[in-house]
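*Asks:* The file below is protein_19.pdb, PDB, C-alpha atoms:
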```
ATOM      1  CA  MET A  42     -45.064  14.485 -41.977
ATOM      2  CA  SER A  43     -44.744  15.926 -38.495
ATOM      3  CA  GLY A  44     -43.881  14.101 -35.289
ATOM      4  CA  SER A  45     -47.554  13.882 -34.357
ATOM      5  CA  ASP A  46     -48.196  11.769 -37.489
ATOM      6  CA  VAL A  47     -45.561   9.213 -36.506
ATOM      7  CA  ARG A  48     -46.600   8.334 -32.948
ATOM      8  CA  ALA A  49     -49.882   7.467 -31.291
ATOM      9  CA  LYS A  50     -51.601  10.267 -29.354
ATOM     10  CA  LYS A  51     -50.165  10.572 -25.866
ATOM     11  CA  SER A  52     -52.305  10.324 -22.758
ATOM     12  CA  GLY A  53     -51.933  10.624 -19.000
ATOM     13  CA  LEU A  54     -48.490  11.449 -17.674
ATOM     14  CA  SER A  55     -46.926  11.356 -21.155
ATOM     15  CA  ALA A  56     -49.396  13.972 -22.372
ATOM     16  CA  ASP A  57     -48.650  16.187 -19.354
ATOM     17  CA  ILE A  58     -44.904  15.920 -19.954
ATOM     18  CA  GLN A  59     -45.355  16.720 -23.655
ATOM     19  CA  LYS A  60     -47.432  19.806 -22.771
ATOM     20  CA  ARG A  61     -44.622  21.015 -20.514
ATOM     21  CA  LEU A  62     -42.010  20.430 -23.220
ATOM     22  CA  ASP A  63     -44.174  22.276 -25.751
ATOM     23  CA  ALA A  64     -44.640  25.160 -23.299
ATOM     24  CA  LYS A  65     -40.847  25.569 -23.063
ATOM     25  CA  TYR A  66     -40.603  26.178 -26.813
ATOM     26  CA  ASN A  67     -39.657  29.814 -27.471
ATOM     27  CA  VAL A  68     -40.612  31.301 -30.840
ATOM     28  CA  ASP A  69     -38.191  34.224 -30.385
ATOM     29  CA  GLN A  70     -35.309  31.757 -29.984
ATOM     30  CA  GLU A  71     -36.529  29.931 -33.087
ATOM     31  CA  LYS A  72     -36.378  33.205 -35.043
ATOM     32  CA  GLN A  73     -32.817  33.793 -33.832
ATOM     33  CA  CYS A  74     -31.830  30.240 -34.802
ATOM     34  CA  ARG A  75     -33.385  30.626 -38.254
ATOM     35  CA  GLU A  76     -31.538  33.897 -38.832
ATOM     36  CA  TRP A  77     -28.263  32.387 -37.575
ATOM     37  CA  ILE A  78     -28.543  29.230 -39.721
ATOM     38  CA  GLU A  79     -29.299  31.340 -42.800
ATOM     39  CA  ALA A  80     -26.319  33.603 -42.037
ATOM     40  CA  VAL A  81     -23.913  30.676 -41.557
ATOM     41  CA  LEU A  82     -25.076  28.745 -44.636
ATOM     42  CA  GLY A  83     -25.643  31.829 -46.802
ATOM     43  CA  GLU A  84     -29.072  30.652 -47.952
ATOM     44  CA  SER A  85     -32.683  30.827 -46.820
ATOM     45  CA  LEU A  86     -34.407  27.915 -45.126
ATOM     46  CA  PRO A  87     -36.987  26.216 -47.374
ATOM     47  CA  GLU A  88     -39.884  26.582 -44.905
ATOM     48  CA  GLN A  89     -40.178  30.271 -43.978
ATOM     49  CA  GLU A  90     -43.299  30.100 -41.799
ATOM     50  CA  ILE A  91     -42.592  30.479 -38.058
ATOM     51  CA  GLY A  92     -43.596  27.761 -35.607
ATOM     52  CA  LYS A  93     -42.373  24.556 -34.017
ATOM     53  CA  ASN A  94     -43.634  22.208 -36.743
ATOM     54  CA  HIS A  95     -42.375  24.419 -39.576
ATOM     55  CA  PHE A  96     -38.926  24.693 -37.996
ATOM     56  CA  GLN A  97     -38.877  20.926 -37.480
ATOM     57  CA  ALA A  98     -39.806  20.426 -41.155
ATOM     58  CA  ASN A  99     -36.682  22.375 -42.171
ATOM     59  CA  LEU A 100     -34.332  20.321 -40.002
ATOM     60  CA  ARG A 101     -36.037  16.905 -39.964
ATOM     61  CA  ASP A 102     -33.990  15.252 -42.712
ATOM     62  CA  GLY A 103     -30.742  16.289 -41.001
ATOM     63  CA  GLN A 104     -29.148  17.766 -44.116
ATOM     64  CA  ILE A 105     -29.240  21.402 -43.008
ATOM     65  CA  ILE A 106     -27.807  20.718 -39.548
ATOM     66  CA  CYS A 107     -25.050  18.541 -41.029
ATOM     67  CA  ARG A 108     -24.079  21.316 -43.441
ATOM     68  CA  LEU A 109     -24.273  23.774 -40.539
ATOM     69  CA  ILE A 110     -21.771  21.910 -38.325
ATOM     70  CA  ASN A 111     -19.443  21.473 -41.321
ATOM     71  CA  ALA A 112     -19.606  25.233 -42.003
ATOM     72  CA  LEU A 113     -18.803  26.080 -38.367
ATOM     73  CA  SER A 114     -15.900  23.645 -38.063
ATOM     74  CA  PRO A 115     -12.415  24.465 -39.386
ATOM     75  CA  GLU A 116     -12.463  21.112 -41.229
ATOM     76  CA  PRO A 117     -15.642  19.189 -42.177
ATOM     77  CA  LEU A 118     -16.760  16.766 -39.460
ATOM     78  CA  ILE A 119     -19.306  14.928 -41.629
ATOM     79  CA  ALA A 120     -17.882  13.448 -44.811
ATOM     80  CA  LYS A 121     -21.084  12.236 -46.474
ATOM     81  CA  ILE A 122     -24.554  13.692 -45.928
ATOM     82  CA  ASN A 123     -27.415  11.418 -46.996
ATOM     83  CA  THR A 124     -29.869  12.990 -49.454
ATOM     84  CA  GLN A 125     -32.247  10.037 -49.565
ATOM     85  CA  LYS A 126     -35.809  10.418 -48.264
ATOM     86  CA  ALA A 127     -35.853   7.114 -46.349
ATOM     87  CA  ALA A 128     -36.590   7.616 -42.648
ATOM     88  CA  PHE A 129     -33.549   5.675 -41.438
ATOM     89  CA  LYS A 130     -31.240   7.730 -43.704
ATOM     90  CA  GLN A 131     -32.670  10.975 -42.336
ATOM     91  CA  MET A 132     -32.231   9.737 -38.756
ATOM     92  CA  GLU A 133     -28.699   8.680 -39.673
ATOM     93  CA  ASN A 134     -27.988  12.293 -40.700
ATOM     94  CA  ILE A 135     -29.247  13.483 -37.309
ATOM     95  CA  GLU A 136     -27.005  10.921 -35.551
ATOM     96  CA  LYS A 137     -24.030  12.083 -37.639
ATOM     97  CA  PHE A 138     -24.767  15.664 -36.566
ATOM     98  CA  LEU A 139     -24.909  14.676 -32.879
ATOM     99  CA  THR A 140     -21.626  12.735 -33.148
ATOM    100  CA  ALA A 141     -20.018  15.716 -34.903
ATOM    101  CA  CYS A 142     -21.277  18.009 -32.123
ATOM    102  CA  LYS A 143     -19.427  15.904 -29.528
ATOM    103  CA  LYS A 144     -16.224  16.145 -31.598
ATOM    104  CA  PHE A 145     -16.876  19.878 -31.949
ATOM    105  CA  GLY A 146     -16.852  20.296 -28.164
ATOM    106  CA  LEU A 147     -20.470  20.078 -26.987
ATOM    107  CA  GLN A 148     -21.253  18.158 -23.797
ATOM    108  CA  ASP A 149     -23.801  15.336 -23.624
ATOM    109  CA  GLY A 150     -26.192  17.594 -21.693
ATOM    110  CA  ASP A 151     -26.196  20.098 -24.573
ATOM    111  CA  LEU A 152     -27.393  17.535 -27.113
ATOM    112  CA  PHE A 153     -30.895  16.531 -28.099
ATOM    113  CA  GLN A 154     -31.938  12.976 -28.917
ATOM    114  CA  THR A 155     -32.774  11.907 -32.451
ATOM    115  CA  ALA A 156     -36.515  11.613 -31.685
ATOM    116  CA  ASP A 157     -36.517  15.150 -30.262
ATOM    117  CA  LEU A 158     -35.994  16.460 -33.781
ATOM    118  CA  TYR A 159     -37.237  13.694 -36.083
ATOM    119  CA  GLU A 160     -40.561  13.268 -34.267
ATOM    120  CA  ALA A 161     -40.722  16.838 -32.848
ATOM    121  CA  GLN A 162     -40.717  15.457 -29.293
ATOM    122  CA  ASN A 163     -38.617  18.259 -27.759
ATOM    123  CA  MET A 164     -37.874  21.071 -30.197
ATOM    124  CA  GLY A 165     -36.826  23.316 -27.305
ATOM    125  CA  GLN A 166     -33.839  21.014 -26.727
ATOM    126  CA  VAL A 167     -33.015  21.158 -30.453
ATOM    127  CA  ILE A 168     -32.854  24.955 -30.214
ATOM    128  CA  GLY A 169     -30.687  24.629 -27.096
ATOM    129  CA  THR A 170     -28.233  22.465 -29.044
ATOM    130  CA  LEU A 171     -28.072  25.034 -31.839
ATOM    131  CA  TYR A 172     -27.342  27.764 -29.287
ATOM    132  CA  ALA A 173     -24.561  25.594 -27.804
ATOM    133  CA  CYS A 174     -23.090  25.061 -31.294
ATOM    134  CA  SER A 175     -22.931  28.824 -31.790
ATOM    135  CA  THR A 176     -21.299  29.337 -28.398
ATOM    136  CA  ILE A 177     -18.624  26.681 -29.015
ATOM    137  CA  ALA A 178     -17.979  27.921 -32.561
ATOM    138  CA  THR A 179     -17.242  31.471 -31.438
ATOM    139  CA  SER A 180     -15.501  30.633 -28.147
ATOM    140  CA  LYS A 181     -13.342  27.634 -29.052
ATOM    141  CA  HIS A 182     -13.077  27.527 -32.843
ATOM    142  CA  GLY A 183     -12.671  31.218 -33.672
ATOM    143  CA  TYR A 184     -15.809  31.536 -35.795
ATOM    144  CA  GLN A 185     -16.179  35.239 -36.611
ATOM    145  CA  GLY A 186     -19.703  35.291 -38.058
ATOM    146  CA  MET A 187     -23.051  35.915 -36.395
ATOM    147  CA  CYS A 188     -23.460  34.422 -32.909
ATOM    148  CA  ILE A 189     -26.507  33.493 -30.829
ATOM    149  CA  GLY A 190     -26.548  32.445 -27.210
ATOM    150  CA  THR A 191     -23.900  33.171 -24.643
ATOM    151  CA  LYS A 192     -20.175  33.713 -24.766
ATOM    152  CA  MET A 193     -18.013  31.349 -22.774
ATOM    153  CA  ALA A 194     -15.928  32.949 -20.074
ATOM    154  CA  ASP A 195     -12.244  33.527 -20.718
ATOM    155  CA  GLU A 196      -9.692  32.309 -18.213
ATOM    156  CA  ASN A 197      -8.764  34.982 -15.680
ATOM    157  CA  LYS A 198      -5.720  33.585 -13.910
ATOM    158  CA  ARG A 199      -4.525  35.685 -10.991
ATOM    159  CA  GLU A 200      -1.125  35.921  -9.430
ATOM    160  CA  PHE A 201      -0.841  36.984  -5.776
ATOM    161  CA  ASP A 202       2.334  37.785  -3.907
ATOM    162  CA  GLU A 203       3.265  35.787  -0.800
ATOM    163  CA  ALA A 204       2.131  38.537   1.632
ATOM    164  CA  THR A 205      -1.387  38.604   0.171
ATOM    165  CA  LEU A 206      -1.652  34.808   0.296
ATOM    166  CA  ASN A 207      -0.537  34.742   3.954
ATOM    167  CA  ALA A 208      -3.006  37.520   4.870
ATOM    168  CA  GLY A 209      -5.833  35.449   3.412
ATOM    169  CA  LYS A 210      -4.958  32.482   5.624
ATOM    170  CA  SER A 211      -5.818  34.394   8.806
ATOM    171  CA  ILE A 212      -9.392  35.241   7.758
ATOM    172  CA  LEU A 213     -12.115  32.846   8.864
ATOM    173  CA  GLY A 214     -14.965  32.553   6.418
ATOM    174  CA  GLY A 215     -18.575  31.790   7.288
ATOM    175  CA  GLN A 216     -18.119  28.300   5.850
ATOM    176  CA  MET A 217     -15.734  27.454   8.684
ATOM    177  CA  GLY A 218     -18.447  27.773  11.304
ATOM    178  CA  TYR A 219     -17.382  31.038  12.904
ATOM    179  CA  THR A 220     -20.550  32.996  13.683
ATOM    180  CA  GLU A 221     -19.134  35.703  15.971
ATOM    181  CA  GLY A 222     -20.642  34.249  19.151
ATOM    182  CA  GLU A 223     -24.095  33.583  17.755
ATOM    183  CA  SER A 224     -25.649  30.305  18.738
ATOM    184  CA  GLN A 225     -29.039  28.660  19.039
ATOM    185  CA  SER A 226     -28.897  28.428  22.821
ATOM    186  CA  GLY A 227     -32.126  29.599  24.458
ATOM    187  CA  MET A 228     -34.197  28.962  21.360
ATOM    188  CA  SER A 229     -37.311  26.882  21.830
ATOM    189  CA  MET A 230     -39.276  25.824  18.804
ATOM    190  CA  GLY A 231     -42.385  23.811  19.573
ATOM    191  CA  LYS A 232     -42.783  21.159  22.223
ATOM    192  CA  THR A 233     -40.202  18.610  23.185
ATOM    193  CA  ARG A 234     -40.873  15.089  22.101
ATOM    194  CA  LYS A 235     -41.521  12.602  24.864
ATOM    195  CA  VAL A 236     -40.475   9.049  24.295
ATOM    196  CA  CYS A 237     -42.545   6.471  26.137
ATOM    197  CA  ASP A 238     -41.695   2.810  26.490
TER     198      ASP A 238
END
```
Please rewrite the model in this file as structure tokens.

*Replies:*
Amino acid sequence: MSGSDVRAKKSGLSADIQKRLDAKYNVDQEKQCREWIEAVLGESLPEQEIGKNHFQANLRDGQIICRLINALSPEPLIAKINTQKAAFKQMENIEKFLTACKKFGLQDGDLFQTADLYEAQNMGQVIGTLYACSTIATSKHGYQGMCIGTKMADENKREFDEATLNAGKSILGGQMGYTEGESQSGMSMGKTRKVCD
């Protein structure tokens, strides 16, 4: 059952918003996520056909993503993964995954909402969360396997001697308002406004 079977058909502004969310979905990113999940778990996803609804069908019950976060983490973050087919148990798995992601180091803005996956409301955000998981796993937790997404920047602390620091104090930047004598004097844009009582 896909997300479209669960909710009533959207109309008006909701339909426009859903079209925009669907337009943001990137099949190439889905392919990368599929390949990455299969590499991390060491097994193929059950639904091999490409597309938003097929990808959602693989992840909808929450079991694969829970096993994924446990595989990426040095110690398992989810103790018990529900295998029942009841809707609330599947959504509970998704909630457990999202809670584990916060413990893993993801920010609130990186996370999707349960309905985004369970009802296929915003699968683009689900892919974004998976990319963030990969980034955090390789950057903060030392995961050495396949990586998708970006690499977090390493700290580049710099040490300057006292002479260099003092030389920098005498330079005026553009943010300080110094414009080398330029001003707007003599400029006339449009007519002046006359105020009448």

*Asks:* For the atom pair atom CA of A:Arg199 and atom CA of A:Gly146, what is the interatomic distance in Å to one decimal place?

*Replies:*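 Interatomic distance, atom CA of A:Arg199 to atom CA of A:Gly146: 26.1 Å.
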
*Asks:* What is the distance, in Å and to one decimal place, between atom CA of A:Ile119 and atom CA of A:Gln166?

*Replies:*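 Value for the atom CA of A:Ile119-atom CA of A:Gln166 distance: 21.7 Å.
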
*Asks:* Between A:Glu116, A:Cys107, A:Gln148, A:Asp157, single out the one closest to A:Asn134, counting all atoms listed in the file.

*Replies:* A:Cys107

*Asks:* For the atom pair atom CA of A:Ala80 and atom CA of A:Leu62, what is the interatomic distance in Å to one decimal place?

*Replies:*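 Going from atom CA of A:Ala80 over to atom CA of A:Leu62, I get 27.8 Å.
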
*Asks:* Given the file shown, enumerate the residues that the PyMOL selection byres ((chain A and resi 93) around 9) captures and present them as a PyMOL selection string.

*Replies:* chain A and resi 63+66-68+71+91-92+94-98+161+164-165

*Asks:* Leaving out A:Met132 and any residue of its chain fewer than 3 positions from it, which residues lie within 12 Å of it when counting all atoms listed in the file, given as a ChimeraX atom specification?

*Replies:* /A:100-104,106-107,122-129,135-139,154-160

*Asks:* Mind telling me what the PyMOL selection byres ((chain A and resi 150) around 10) catches here, as a PyMOL selection string?

*Replies:* chain A and resi 147-149+151-153+166+169-170

*Asks:* I need the residue nearest A:Ala178 from this list: A:Asn197, A:Ser211, A:Thr140, A:Asn111. Use all atoms listed in the file for the distance.

*Replies:*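 Looking only at the distances to A:Ala178, the closest residue turns out to be A:Asn111.
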
*Asks:* Contacts of A:Val81 at 8 Å or less, counting all atoms listed in the file, minus same-chain residues fewer than 3 places along, as a ChimeraX atom specification?

*Replies:* /A:77-78,109,112-113,186-187

*Asks:* Can you spit out the residues from that selection as a tab-separated table (two decimals), in the frame of the given file, using C-alpha atoms?

*Replies:*
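See result_4.tsv below for the written result:
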```tsv
chain	number	residue	atom	x	y	z
A	77	TRP	CA	-28.26	32.39	-37.58
A	78	ILE	CA	-28.54	29.23	-39.72
A	109	LEU	CA	-24.27	23.77	-40.54
A	112	ALA	CA	-19.61	25.23	-42.00
A	113	LEU	CA	-18.80	26.08	-38.37
A	186	GLY	CA	-19.70	35.29	-38.06
A	187	MET	CA	-23.05	35.92	-36.40
```
